[in-house]
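Undergrad: Supplied structure: start.cif, mmCIF, C-alpha atoms.
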data_target
loop_
_atom_site.label_atom_id
_atom_site.label_comp_id
_atom_site.auth_asym_id
_atom_site.auth_seq_id
_atom_site.Cartn_x
_atom_site.Cartn_y
_atom_site.Cartn_z
CA MET A 264 -16.28 -11.43 -41.34
CA GLU A 265 -19.16 -9.51 -42.88
CA GLN A 266 -18.59 -5.81 -42.31
CA GLY A 267 -21.10 -3.23 -41.19
CA LYS A 268 -23.65 -5.66 -39.80
CA LYS A 269 -24.55 -5.21 -36.14
CA ILE A 270 -24.23 -8.53 -34.30
CA PRO A 271 -26.59 -8.87 -31.29
CA ASP A 272 -24.82 -8.35 -27.93
CA ILE A 273 -26.09 -11.70 -26.67
CA VAL A 274 -24.24 -13.45 -29.51
CA ILE A 275 -21.06 -11.47 -28.72
CA LYS A 276 -21.30 -12.53 -25.06
CA ARG A 277 -21.37 -16.18 -26.17
CA LEU A 278 -18.16 -15.91 -28.23
CA PRO A 279 -15.75 -16.06 -25.25
CA ILE A 280 -17.63 -19.12 -23.95
CA TYR A 281 -17.37 -20.89 -27.31
CA TYR A 282 -13.71 -19.92 -27.45
CA ARG A 283 -12.92 -21.34 -24.02
CA PHE A 284 -14.85 -24.56 -24.70
CA LEU A 285 -13.09 -25.07 -28.05
CA THR A 286 -9.72 -24.40 -26.41
CA ASN A 287 -10.45 -27.12 -23.85
CA LEU A 288 -11.54 -29.57 -26.56
CA HIS A 289 -8.41 -28.76 -28.56
CA GLN A 290 -6.20 -29.40 -25.51
CA MET A 291 -7.96 -32.72 -25.02
CA GLY A 292 -7.11 -33.72 -28.59
CA ILE A 293 -10.70 -33.53 -29.92
CA SER A 294 -10.66 -32.47 -33.58
CA ARG A 295 -14.36 -32.25 -34.52
CA VAL A 296 -17.47 -31.09 -32.66
CA SER A 297 -21.14 -31.01 -33.69
CA SER A 298 -23.40 -27.98 -33.40
CA THR A 299 -25.59 -30.14 -31.14
CA ASP A 300 -22.74 -30.67 -28.66
CA LEU A 301 -21.77 -27.01 -28.82
CA GLY A 302 -25.39 -26.05 -28.17
CA LYS A 303 -25.67 -28.46 -25.24
CA LYS A 304 -22.62 -26.80 -23.69
CA MET A 305 -24.11 -23.32 -24.22
CA GLY A 306 -27.67 -24.16 -23.24
CA ILE A 307 -29.00 -23.27 -26.71
CA THR A 308 -30.24 -25.29 -29.71
CA SER A 309 -27.95 -26.53 -32.47
CA SER A 310 -29.77 -24.26 -34.90
CA GLN A 311 -29.00 -21.25 -32.68
CA VAL A 312 -25.34 -22.30 -32.72
CA ARG A 313 -25.35 -22.39 -36.53
CA GLN A 314 -27.14 -19.03 -36.56
CA ASP A 315 -24.52 -17.56 -34.19
CA PHE A 316 -21.69 -18.53 -36.55
CA PHE A 317 -23.66 -17.51 -39.63
CA ASN A 318 -23.47 -13.91 -38.30
CA PHE A 319 -19.75 -14.02 -39.02
CA GLY A 320 -20.01 -15.76 -42.36
CA SER A 321 -20.60 -19.47 -42.68
CA PHE A 322 -17.79 -21.67 -41.43
CA GLY A 323 -17.57 -25.36 -40.70
CA LEU A 324 -19.16 -28.17 -42.65
CA GLN A 325 -22.66 -29.18 -41.59
CA GLY A 326 -23.21 -32.89 -41.12
CA TYR A 327 -19.54 -33.43 -40.35
CA GLY A 328 -19.51 -30.92 -37.49
CA TYR A 329 -16.97 -28.16 -37.04
CA ASP A 330 -13.20 -28.47 -37.13
CA VAL A 331 -12.35 -27.62 -33.51
CA ASP A 332 -9.01 -25.93 -34.10
CA GLN A 333 -10.20 -23.96 -37.13
CA LEU A 334 -13.38 -22.77 -35.40
CA ARG A 335 -11.34 -21.85 -32.32
CA GLN A 336 -8.96 -19.76 -34.42
CA GLU A 337 -11.80 -18.09 -36.31
CA ILE A 338 -13.64 -17.15 -33.11
CA GLY A 339 -10.34 -16.02 -31.57
CA ALA A 340 -9.81 -13.74 -34.58
CA ILE A 341 -13.35 -12.36 -34.29
CA LEU A 342 -12.65 -11.60 -30.63
CA GLY A 343 -9.41 -9.93 -31.68
CA LEU A 344 -7.33 -12.28 -29.51
CA ASP A 345 -4.66 -12.18 -32.21
CA ILE A 346 -4.20 -8.47 -31.40
CA PRO A 347 -1.99 -8.05 -28.30
CA ARG A 348 -3.48 -5.52 -25.86
CA SER A 349 -1.63 -3.53 -23.22
CA MET A 350 -3.47 -2.51 -20.07
CA ILE A 351 -2.85 -0.05 -17.29
CA ILE A 352 -4.59 -0.47 -13.96
CA ILE A 353 -5.61 2.68 -12.12
CA GLY A 354 -6.26 2.01 -8.45
CA ALA A 355 -3.85 -0.41 -6.75
CA GLY A 356 -6.18 -1.36 -3.90
CA HIS A 357 -6.97 -5.01 -3.17
CA LEU A 358 -8.94 -5.52 -6.37
CA GLY A 359 -6.48 -3.64 -8.61
CA GLN A 360 -3.58 -5.62 -7.20
CA ALA A 361 -5.46 -8.92 -7.58
CA LEU A 362 -6.10 -8.13 -11.26
CA ALA A 363 -2.46 -7.13 -11.77
CA ARG A 364 -1.36 -10.47 -10.30
CA HIS A 365 -3.90 -12.48 -12.30
CA SER A 366 -1.69 -14.05 -14.94
CA ALA A 367 -4.55 -15.77 -16.79
CA PHE A 368 -5.34 -12.70 -18.92
CA GLU A 369 -1.94 -12.95 -20.61
CA LYS A 370 -2.72 -16.16 -22.47
CA ASP A 371 -5.56 -14.26 -24.17
CA GLY A 372 -3.13 -11.51 -25.18
CA TYR A 373 -3.85 -8.99 -22.40
CA THR A 374 -0.76 -7.71 -20.58
CA VAL A 375 -0.59 -5.28 -17.67
CA VAL A 376 2.13 -2.71 -18.43
CA GLY A 377 1.51 -0.13 -15.70
CA VAL A 378 -0.23 0.25 -12.33
CA PHE A 379 -1.13 3.65 -10.85
CA ASP A 380 -2.30 4.89 -7.46
CA ILE A 381 -2.07 7.98 -5.25
CA ASN A 382 -1.19 6.16 -2.01
CA PRO A 383 2.47 6.99 -1.15
CA HIS A 384 2.84 3.63 0.65
CA LEU A 385 2.13 1.78 -2.60
CA ILE A 386 4.12 3.89 -5.06
CA GLY A 387 7.43 2.28 -5.99
CA GLU A 388 6.22 -1.22 -5.04
CA ASN A 389 6.32 -3.88 -7.73
CA ILE A 390 3.62 -6.26 -8.85
CA ARG A 391 5.01 -8.98 -11.12
CA ASP A 392 7.79 -6.65 -12.40
CA VAL A 393 5.37 -3.79 -12.97
CA GLU A 394 6.02 -0.76 -10.78
CA ILE A 395 3.17 1.07 -9.05
CA MET A 396 3.47 4.70 -10.16
CA HIS A 397 1.80 7.90 -9.00
CA VAL A 398 -1.30 8.79 -11.01
CA ASN A 399 0.30 12.09 -11.98
CA ARG A 400 2.68 10.08 -14.19
CA ILE A 401 -0.08 8.57 -16.37
CA THR A 402 0.13 11.22 -19.11
CA GLU A 403 3.90 10.76 -19.45
CA PHE A 404 3.56 6.97 -19.36
CA VAL A 405 0.85 6.80 -22.01
CA SER A 406 2.83 9.12 -24.31
CA GLN A 407 5.83 6.77 -24.11
CA ASN A 408 4.09 3.38 -24.10
CA LYS A 409 1.38 1.71 -26.15
CA VAL A 410 -1.67 1.49 -23.89
CA ASP A 411 -4.91 0.04 -25.24
CA ILE A 412 -7.03 -0.47 -22.16
CA ALA A 413 -7.45 1.33 -18.83
CA VAL A 414 -8.71 -0.82 -15.97
CA ILE A 415 -10.45 1.43 -13.46
CA THR A 416 -10.40 0.12 -9.89
CA VAL A 417 -10.49 3.41 -7.98
CA PRO A 418 -13.19 4.35 -5.42
CA ARG A 419 -16.40 5.40 -7.18
CA THR A 420 -15.92 9.09 -6.36
CA TYR A 421 -12.82 9.18 -8.60
CA ALA A 422 -14.27 7.08 -11.43
CA LYS A 423 -15.44 9.91 -13.69
CA GLU A 424 -12.22 11.91 -13.25
CA VAL A 425 -10.04 8.90 -14.09
CA ALA A 426 -12.20 7.93 -17.08
CA ASP A 427 -12.03 11.48 -18.48
CA LEU A 428 -8.26 11.50 -18.00
CA VAL A 429 -7.61 8.24 -19.87
CA ILE A 430 -10.11 9.09 -22.64
CA GLY A 431 -8.33 12.43 -23.04
CA LEU A 432 -5.07 10.51 -23.47
CA GLY A 433 -6.60 8.58 -26.39
CA ILE A 434 -7.23 5.24 -24.68
CA LYS A 435 -10.08 3.45 -26.51
CA GLY A 436 -10.99 0.69 -24.08
CA ILE A 437 -12.12 0.92 -20.46
CA TRP A 438 -12.64 -2.01 -18.12
CA ASN A 439 -14.69 -0.40 -15.38
CA PHE A 440 -14.86 -2.02 -11.94
CA THR A 441 -16.50 0.97 -10.21
CA SER A 442 -20.26 1.10 -9.79
CA VAL A 443 -20.36 4.35 -11.79
CA LYS A 444 -22.00 4.34 -15.23
CA LEU A 445 -19.39 6.09 -17.37
CA ALA A 446 -20.30 8.47 -20.18
CA VAL A 447 -17.81 7.92 -23.01
CA PRO A 448 -17.45 9.05 -26.65
CA ASP A 449 -18.67 6.72 -29.42
CA ASP A 450 -15.16 5.50 -30.25
CA VAL A 451 -14.43 4.27 -26.71
CA ALA A 452 -15.56 0.80 -25.62
CA VAL A 453 -16.51 0.13 -21.99
CA GLU A 454 -17.07 -3.17 -20.25
CA ASN A 455 -18.36 -3.08 -16.68
CA ILE A 456 -17.85 -5.46 -13.78
CA HIS A 457 -20.28 -4.39 -11.07
CA LEU A 458 -19.46 -6.58 -8.07
CA SER A 459 -21.97 -5.07 -5.62
CA ASP A 460 -24.77 -5.19 -8.17
CA SER A 461 -24.03 -8.84 -8.89
CA LEU A 462 -24.10 -9.67 -5.19
CA MET A 463 -27.38 -7.79 -4.68
CA THR A 464 -28.88 -9.63 -7.65
CA LEU A 465 -27.82 -12.94 -6.08
CA GLY A 466 -29.53 -11.90 -2.85
CA TYR A 467 -32.70 -11.06 -4.78
CA TYR A 468 -32.87 -14.48 -6.45
CA MET A 469 -32.19 -16.24 -3.14
CA LYS A 470 -35.02 -14.31 -1.48
CA GLU A 471 -37.29 -14.91 -4.49
CA MET A 472 -36.71 -18.70 -4.42
CA HIS A 473 -37.36 -18.82 -0.71
CA GLU A 474 -40.62 -16.85 -1.05
CA THR A 475 -41.79 -18.93 -4.00
CA LYS A 476 -41.32 -22.10 -1.97
CA LYS A 477 -43.55 -20.87 0.84
CA MET B 214 -44.66 -7.28 -3.59
CA GLU B 215 -46.87 -9.34 -5.86
CA GLN B 216 -46.09 -13.00 -5.38
CA GLY B 217 -45.69 -15.63 -8.01
CA LYS B 218 -45.14 -13.30 -10.93
CA LYS B 219 -41.87 -13.72 -12.81
CA ILE B 220 -40.10 -10.35 -13.09
CA PRO B 221 -37.89 -10.01 -16.19
CA ASP B 222 -34.16 -10.43 -15.43
CA ILE B 223 -33.37 -7.11 -17.06
CA VAL B 224 -35.61 -5.36 -14.51
CA ILE B 225 -33.94 -7.24 -11.65
CA LYS B 226 -30.51 -6.14 -12.93
CA ARG B 227 -31.67 -2.51 -12.74
CA LEU B 228 -32.75 -2.73 -9.09
CA PRO B 229 -29.23 -2.47 -7.59
CA ILE B 230 -28.56 0.56 -9.83
CA TYR B 231 -31.76 2.28 -8.67
CA TYR B 232 -30.86 1.41 -5.10
CA ARG B 233 -27.36 2.88 -5.33
CA PHE B 234 -28.59 6.03 -7.06
CA LEU B 235 -31.33 6.56 -4.45
CA THR B 236 -28.81 6.00 -1.64
CA ASN B 237 -26.60 8.72 -3.12
CA LEU B 238 -29.55 11.10 -3.46
CA HIS B 239 -30.60 10.36 0.12
CA GLN B 240 -27.07 11.07 1.38
CA MET B 241 -27.14 14.36 -0.51
CA GLY B 242 -30.36 15.34 1.28
CA ILE B 243 -32.62 15.03 -1.79
CA SER B 244 -36.10 13.92 -0.72
CA ARG B 245 -38.03 13.59 -4.00
CA VAL B 246 -37.08 12.40 -7.49
CA SER B 247 -39.10 12.21 -10.71
CA SER B 248 -39.39 9.13 -12.92
CA THR B 249 -37.87 11.27 -15.70
CA ASP B 250 -34.70 11.90 -13.65
CA LEU B 251 -34.51 8.25 -12.61
CA GLY B 252 -34.90 7.23 -16.26
CA LYS B 253 -32.18 9.66 -17.37
CA LYS B 254 -29.81 8.09 -14.86
CA MET B 255 -30.69 4.58 -16.06
CA GLY B 256 -30.75 5.35 -19.77
CA ILE B 257 -34.43 4.38 -20.07
CA THR B 258 -37.69 6.34 -20.46
CA SER B 259 -39.73 7.58 -17.51
CA SER B 260 -42.53 5.25 -18.54
CA GLN B 261 -40.11 2.28 -18.37
CA VAL B 262 -39.16 3.42 -14.86
CA ARG B 263 -42.83 3.45 -13.81
CA GLN B 264 -43.30 0.05 -15.46
CA ASP B 265 -40.26 -1.33 -13.56
CA PHE B 266 -41.75 -0.32 -10.23
CA PHE B 267 -45.24 -1.43 -11.24
CA ASN B 268 -43.85 -5.00 -11.35
CA PHE B 269 -43.51 -4.83 -7.58
CA GLY B 270 -46.82 -3.13 -6.93
CA SER B 271 -47.38 0.56 -7.50
CA PHE B 272 -45.42 2.85 -5.21
CA GLY B 273 -44.71 6.56 -5.26
CA LEU B 274 -47.07 9.31 -6.34
CA GLN B 275 -47.06 10.20 -10.05
CA GLY B 276 -46.81 13.90 -10.78
CA TYR B 277 -45.11 14.57 -7.45
CA GLY B 278 -42.29 12.11 -8.12
CA TYR B 279 -41.11 9.43 -5.74
CA ASP B 280 -40.16 9.82 -2.09
CA VAL B 281 -36.43 9.05 -2.26
CA ASP B 282 -36.03 7.43 1.14
CA GLN B 283 -39.24 5.40 0.88
CA LEU B 284 -38.43 4.15 -2.63
CA ARG B 285 -34.89 3.31 -1.52
CA GLN B 286 -36.21 1.27 1.39
CA GLU B 287 -38.78 -0.50 -0.78
CA ILE B 288 -36.20 -1.44 -3.40
CA GLY B 289 -33.79 -2.48 -0.64
CA ALA B 290 -36.49 -4.78 0.75
CA ILE B 291 -37.18 -6.24 -2.72
CA LEU B 292 -33.45 -6.94 -3.04
CA GLY B 293 -33.53 -8.54 0.40
CA LEU B 294 -30.90 -6.12 1.74
CA ASP B 295 -32.75 -6.19 5.06
CA ILE B 296 -31.78 -9.87 5.32
CA PRO B 297 -28.18 -10.19 6.61
CA ARG B 298 -26.19 -12.70 4.53
CA SER B 299 -23.09 -14.61 5.63
CA MET B 300 -20.57 -15.62 2.99
CA ILE B 301 -17.67 -18.02 2.85
CA ILE B 302 -14.96 -17.59 0.25
CA ILE B 303 -13.42 -20.75 -1.18
CA GLY B 304 -10.08 -20.03 -2.83
CA ALA B 305 -7.83 -17.52 -1.04
CA GLY B 306 -5.77 -16.56 -4.09
CA HIS B 307 -5.37 -12.94 -5.12
CA LEU B 308 -8.99 -12.53 -6.13
CA GLY B 309 -10.43 -14.37 -3.12
CA GLN B 310 -8.29 -12.31 -0.76
CA ALA B 311 -9.26 -9.07 -2.50
CA LEU B 312 -12.95 -9.93 -2.09
CA ALA B 313 -12.42 -10.85 1.57
CA ARG B 314 -10.77 -7.46 2.16
CA HIS B 315 -13.44 -5.55 0.24
CA SER B 316 -15.40 -3.97 3.10
CA ALA B 317 -18.01 -2.33 0.82
CA PHE B 318 -20.19 -5.47 0.69
CA GLU B 319 -20.89 -5.16 4.43
CA LYS B 320 -22.96 -2.00 4.14
CA ASP B 321 -25.35 -4.01 1.93
CA GLY B 322 -25.57 -6.72 4.58
CA TYR B 323 -23.05 -9.20 3.17
CA THR B 324 -20.41 -10.37 5.66
CA VAL B 325 -17.52 -12.75 5.05
CA VAL B 326 -17.44 -15.26 7.90
CA GLY B 327 -14.93 -17.81 6.60
CA VAL B 328 -12.18 -18.18 4.00
CA PHE B 329 -10.94 -21.57 2.78
CA ASP B 330 -7.99 -22.80 0.73
CA ILE B 331 -5.72 -25.83 0.41
CA ASN B 332 -2.41 -23.96 0.32
CA PRO B 333 -0.54 -24.69 3.61
CA HIS B 334 1.21 -21.29 3.39
CA LEU B 335 -2.15 -19.50 3.59
CA ILE B 336 -3.91 -21.60 6.22
CA GLY B 337 -3.91 -19.92 9.64
CA GLU B 338 -3.42 -16.43 8.14
CA ASN B 339 -6.04 -13.83 8.95
CA ILE B 340 -7.92 -11.52 6.62
CA ARG B 341 -9.75 -8.82 8.56
CA ASP B 342 -10.16 -11.10 11.61
CA VAL B 343 -11.32 -14.02 9.48
CA GLU B 344 -8.98 -17.00 9.55
CA ILE B 345 -8.07 -18.87 6.37
CA MET B 346 -8.98 -22.51 7.04
CA HIS B 347 -8.25 -25.72 5.16
CA VAL B 348 -11.03 -26.72 2.75
CA ASN B 349 -11.44 -30.00 4.64
CA ARG B 350 -12.96 -27.97 7.50
CA ILE B 351 -15.84 -26.57 5.44
CA THR B 352 -18.35 -29.24 6.45
CA GLU B 353 -17.65 -28.71 10.14
CA PHE B 354 -17.73 -24.91 9.72
CA VAL B 355 -21.05 -24.86 7.85
CA SER B 356 -22.66 -27.16 10.43
CA GLN B 357 -21.68 -24.75 13.22
CA ASN B 358 -22.22 -21.40 11.49
CA LYS B 359 -24.98 -19.83 9.42
CA VAL B 360 -23.65 -19.65 5.86
CA ASP B 361 -25.89 -18.29 3.09
CA ILE B 362 -23.51 -17.78 0.19
CA ALA B 363 -20.40 -19.54 -1.11
CA VAL B 364 -18.04 -17.36 -3.15
CA ILE B 365 -16.07 -19.63 -5.49
CA THR B 366 -12.65 -18.25 -6.45
CA VAL B 367 -10.78 -21.51 -7.01
CA PRO B 368 -9.05 -22.47 -10.29
CA ARG B 369 -11.59 -23.63 -12.88
CA THR B 370 -10.60 -27.29 -12.57
CA TYR B 371 -11.90 -27.33 -8.97
CA ALA B 372 -15.06 -25.33 -9.61
CA LYS B 373 -17.49 -28.22 -10.04
CA GLU B 374 -16.14 -30.14 -7.04
CA VAL B 375 -16.40 -27.09 -4.76
CA ALA B 376 -19.89 -26.21 -6.02
CA ASP B 377 -21.11 -29.78 -5.42
CA LEU B 378 -19.61 -29.70 -1.92
CA VAL B 379 -21.30 -26.46 -0.83
CA ILE B 380 -24.63 -27.41 -2.45
CA GLY B 381 -24.45 -30.72 -0.57
CA LEU B 382 -24.02 -28.73 2.65
CA GLY B 383 -27.27 -26.88 1.95
CA ILE B 384 -25.88 -23.53 0.81
CA LYS B 385 -28.45 -21.85 -1.44
CA GLY B 386 -26.43 -19.06 -3.05
CA ILE B 387 -23.26 -19.27 -5.15
CA TRP B 388 -21.23 -16.30 -6.36
CA ASN B 389 -19.13 -17.92 -9.06
CA PHE B 390 -15.90 -16.25 -10.21
CA THR B 391 -14.65 -19.24 -12.21
CA SER B 392 -15.28 -19.46 -15.94
CA VAL B 393 -17.16 -22.74 -15.43
CA LYS B 394 -20.90 -22.84 -16.04
CA LEU B 395 -22.20 -24.56 -12.90
CA ALA B 396 -25.11 -27.00 -12.95
CA VAL B 397 -27.14 -26.45 -9.78
CA PRO B 398 -30.51 -27.62 -8.40
CA ASP B 399 -33.58 -25.36 -8.83
CA ASP B 400 -33.41 -24.06 -5.27
CA VAL B 401 -29.83 -22.77 -5.57
CA ALA B 402 -29.18 -19.31 -7.02
CA VAL B 403 -25.97 -18.60 -8.96
CA GLU B 404 -24.53 -15.29 -10.04
CA ASN B 405 -21.46 -15.34 -12.26
CA ILE B 406 -18.58 -12.91 -12.62
CA HIS B 407 -16.64 -13.99 -15.70
CA LEU B 408 -13.58 -11.74 -15.79
CA SER B 409 -11.90 -13.25 -18.86
CA ASP B 410 -15.14 -13.24 -20.84
CA SER B 411 -15.71 -9.60 -19.98
CA LEU B 412 -12.18 -8.70 -21.09
CA MET B 413 -12.56 -10.64 -24.37
CA THR B 414 -15.87 -8.88 -25.01
CA LEU B 415 -14.16 -5.53 -24.47
CA GLY B 416 -11.51 -6.53 -27.00
CA TYR B 417 -14.21 -7.49 -29.49
CA TYR B 418 -15.95 -4.11 -29.25
CA MET B 419 -12.62 -2.27 -29.54
CA LYS B 420 -11.78 -4.22 -32.68
CA GLU B 421 -15.30 -3.73 -34.04
CA MET B 422 -15.16 0.07 -33.57
CA HIS B 423 -11.78 0.23 -35.23
CA GLU B 424 -12.96 -1.82 -38.23
CA THR B 425 -16.17 0.17 -38.59
CA LYS B 426 -14.16 3.40 -38.73
CA LYS B 427 -12.05 2.17 -41.64
#
As structure tokens, how would this structure be written, given the file I've shared?
TA:
Amino acid sequence: MEQGKKIPDIVIKRLPIYYRFLTNLHQMGISRVSSTDLGKKMGITSSQVRQDFFNFGSFGLQGYGYDVDQLRQEIGAILGLDIPRSMIIIGAGHLGQALARHSAFEKDGYTVVGVFDINPHLIGENIRDVEIMHVNRITEFVSQNKVDIAVITVPRTYAKEVADLVIGLGIKGIWNFTSVKLAVPDDVAVENIHLSDSLMTLGYYMKEMHETKK
Amino acid sequence: MEQGKKIPDIVIKRLPIYYRFLTNLHQMGISRVSSTDLGKKMGITSSQVRQDFFNFGSFGLQGYGYDVDQLRQEIGAILGLDIPRSMIIIGAGHLGQALARHSAFEKDGYTVVGVFDINPHLIGENIRDVEIMHVNRITEFVSQNKVDIAVITVPRTYAKEVADLVIGLGIKGIWNFTSVKLAVPDDVAVENIHLSDSLMTLGYYMKEMHETKK
């Protein structure tokens, strides 16, 4: 991978989709794929596909298509899927518990190692062998365990406080499910899942289509 | 609102954020807000804020700032939040159940009216007064109840089948939580929440920051 070059965010967002598609092809026993077929899958042109990969150095052999397994491994490495990541979930409400039970993240190298809440009815319960602990044990836990990512699923009023806490503990990745826009230092990465915003956006497009039809 | 003009998606994505911010200000008793303060909140310039609103016709009084409650209501109307929406959830796994229990959508006008699955252990259970029904009852249910949105939380292998089913029943909005890119007719709106992709993207940025530091 070429260092120091800033890859456009839109290209980064396509990498997981390429990766998943190539994984499916690999499982189906397909060994080669053309940039045209990749582009069709992604809704972009074959030349955009080649340009996407060119950002990371040129791989694959044009004319003969790409080697599915090799390309899959290279994209996986770019995504850092070869680096195992440990996650703690803060907020064991419905959403936090659903994420803790969602085993699919593990195949991509993401493992939940701790779940935290303040609700006394939840503390001591287990989710897939991971105990729900009181939030006041986070500092101790993070000092004794490798934790890469904090998943924040608390009510929005606690979002800033929790983010500041985990950043202070040296955690460099935040997966934020609250609707709060978090202010973080430059060396901390944040990815947001804004459920309510997504739903409102859906409502907008439904309304828009209906009005356009009139 | 000006009809027939295509508003950029990036502006649409900002509307729910404006709306939430204005709701908070309103609850705190703030009656006026400047485009500068709105821009600061959104991470854009005040002139971009004015441009955003100009897309929907000019509202608010420059120099005196915007009337918080009026702007909130206007953006709410643009988002169609004054239109109550009924949702069914297909797939009552951990994520589907968490969404069904998530009461926060209701204050924006989104109500879950039905939950469907194929797992005999789940059918007949209740989630907040909504019964989990067998998927083979969807057609009957949709013919007897107003359903605007289908929330798809099934395993990815069933995603296409479920989407085709609900589109065939005339449902015009899909909130897709599977990693499958759905092909839908022009009059059906889709919003996607791709959890695994978001997590992989987070991993990429964490890796990228680490490498850049070296």
Undergrad: Report as a ChimeraX atom specification the residues that result from applying the PyMOL selection byres ((chain B) within 6 of (chain A)) to the structure here.
TA: /B:229,292-293,307-308,311,402,404,410,415,417,419
Undergrad: Please, what distance in Å, to one decimal, runs between atom CA of A:Gly377 and atom CA of A:Asn399?
TA: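 Here the two named atoms are 12.8 Å from each other.
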Undergrad: What do you get, as a list in words, if you spell out every residue that the PyMOL selection byres ((chain A and resi 381) around 9) selects here?
TA: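 With the PyMOL selection byres ((chain A and resi 381) around 9) on this model, the match is Gly354, Ala355, Phe379, Asp380, Asn382, Pro383, His384, Leu385, Ile386, Met396, His397, Val398 and Asn399 of chain A.
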Undergrad: If the PyMOL selection byres ((chain A and resi 331) around 7) is run on the structure shown, which residues does it catch, given as a list of chain:residue names?
TA: A:Leu285, A:His289, A:Ser294, A:Arg295, A:Val296, A:Tyr329, A:Asp330, A:Asp332, A:Gln333, A:Leu334, A:Arg335
Undergrad: Calculate how many Å separate atom CA of B:Pro368 from atom CA of B:Thr391, rounding to one decimal.
TA: 6.7 Å
Undergrad: Quick check, in Å to one decimal: how far apart do atom CA of A:Asn318 and atom CA of A:Ile270 lie?
TA: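 Going from atom CA of A:Asn318 over to atom CA of A:Ile270, I get 6.7 Å.
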Undergrad: So which residues touch B:Val355 within 10 Å, counting all atoms listed in the file, skipping near sequence neighbours fewer than 2 positions away, as a ChimeraX atom specification?
TA: /B:301,327,350-353,357-361,379,382-384
Undergrad: Would you fill out stretch 327-342 of chain A with N, CA and C atoms and return it as a PDB file, in the coordinates of the input?
TA:
ATOM      1  N   TYR A 327     -20.814 -32.911 -40.852  1.00  0.00           N
ATOM      2  CA  TYR A 327     -19.540 -33.430 -40.350  1.00  0.00           C
ATOM      3  C   TYR A 327     -19.096 -32.673 -39.101  1.00  0.00           C
ATOM      4  N   GLY A 328     -19.896 -31.712 -38.661  1.00  0.00           N
ATOM      5  CA  GLY A 328     -19.510 -30.920 -37.490  1.00  0.00           C
ATOM      6  C   GLY A 328     -18.456 -29.896 -37.857  1.00  0.00           C
ATOM      7  N   TYR A 329     -17.971 -29.212 -36.843  1.00  0.00           N
ATOM      8  CA  TYR A 329     -16.970 -28.160 -37.040  1.00  0.00           C
ATOM      9  C   TYR A 329     -15.583 -28.685 -36.723  1.00  0.00           C
ATOM     10  N   ASP A 330     -14.594 -28.194 -37.451  1.00  0.00           N
ATOM     11  CA  ASP A 330     -13.200 -28.470 -37.130  1.00  0.00           C
ATOM     12  C   ASP A 330     -12.844 -27.620 -35.898  1.00  0.00           C
ATOM     13  N   VAL A 331     -12.532 -28.294 -34.801  1.00  0.00           N
ATOM     14  CA  VAL A 331     -12.350 -27.620 -33.510  1.00  0.00           C
ATOM     15  C   VAL A 331     -11.277 -26.529 -33.587  1.00  0.00           C
ATOM     16  N   ASP A 332     -10.116 -26.885 -34.117  1.00  0.00           N
ATOM     17  CA  ASP A 332      -9.010 -25.930 -34.100  1.00  0.00           C
ATOM     18  C   ASP A 332      -9.289 -24.736 -35.014  1.00  0.00           C
ATOM     19  N   GLN A 333      -9.891 -25.040 -36.186  1.00  0.00           N
ATOM     20  CA  GLN A 333     -10.200 -23.960 -37.130  1.00  0.00           C
ATOM     21  C   GLN A 333     -11.246 -23.006 -36.555  1.00  0.00           C
ATOM     22  N   LEU A 334     -12.304 -23.588 -35.981  1.00  0.00           N
ATOM     23  CA  LEU A 334     -13.380 -22.770 -35.400  1.00  0.00           C
ATOM     24  C   LEU A 334     -12.831 -21.931 -34.248  1.00  0.00           C
ATOM     25  N   ARG A 335     -11.965 -22.548 -33.449  1.00  0.00           N
ATOM     26  CA  ARG A 335     -11.340 -21.850 -32.320  1.00  0.00           C
ATOM     27  C   ARG A 335     -10.539 -20.646 -32.825  1.00  0.00           C
ATOM     28  N   GLN A 336      -9.775 -20.865 -33.884  1.00  0.00           N
ATOM     29  CA  GLN A 336      -8.960 -19.760 -34.420  1.00  0.00           C
ATOM     30  C   GLN A 336      -9.837 -18.675 -35.027  1.00  0.00           C
ATOM     31  N   GLU A 337     -10.917 -19.089 -35.702  1.00  0.00           N
ATOM     32  CA  GLU A 337     -11.800 -18.090 -36.310  1.00  0.00           C
ATOM     33  C   GLU A 337     -12.496 -17.251 -35.247  1.00  0.00           C
ATOM     34  N   ILE A 338     -12.973 -17.908 -34.184  1.00  0.00           N
ATOM     35  CA  ILE A 338     -13.640 -17.150 -33.110  1.00  0.00           C
ATOM     36  C   ILE A 338     -12.613 -16.272 -32.386  1.00  0.00           C
ATOM     37  N   GLY A 339     -11.410 -16.822 -32.178  1.00  0.00           N
ATOM     38  CA  GLY A 339     -10.340 -16.020 -31.570  1.00  0.00           C
ATOM     39  C   GLY A 339     -10.063 -14.764 -32.377  1.00  0.00           C
ATOM     40  N   ALA A 340     -10.064 -14.899 -33.709  1.00  0.00           N
ATOM     41  CA  ALA A 340      -9.810 -13.740 -34.580  1.00  0.00           C
ATOM     42  C   ALA A 340     -10.961 -12.740 -34.504  1.00  0.00           C
ATOM     43  N   ILE A 341     -12.193 -13.252 -34.440  1.00  0.00           N
ATOM     44  CA  ILE A 341     -13.350 -12.360 -34.290  1.00  0.00           C
ATOM     45  C   ILE A 341     -13.243 -11.574 -32.988  1.00  0.00           C
ATOM     46  N   LEU A 342     -12.814 -12.263 -31.931  1.00  0.00           N
ATOM     47  CA  LEU A 342     -12.650 -11.600 -30.630  1.00  0.00           C
ATOM     48  C   LEU A 342     -11.428 -10.694 -30.609  1.00  0.00           C
TER      49      LEU A 342
END
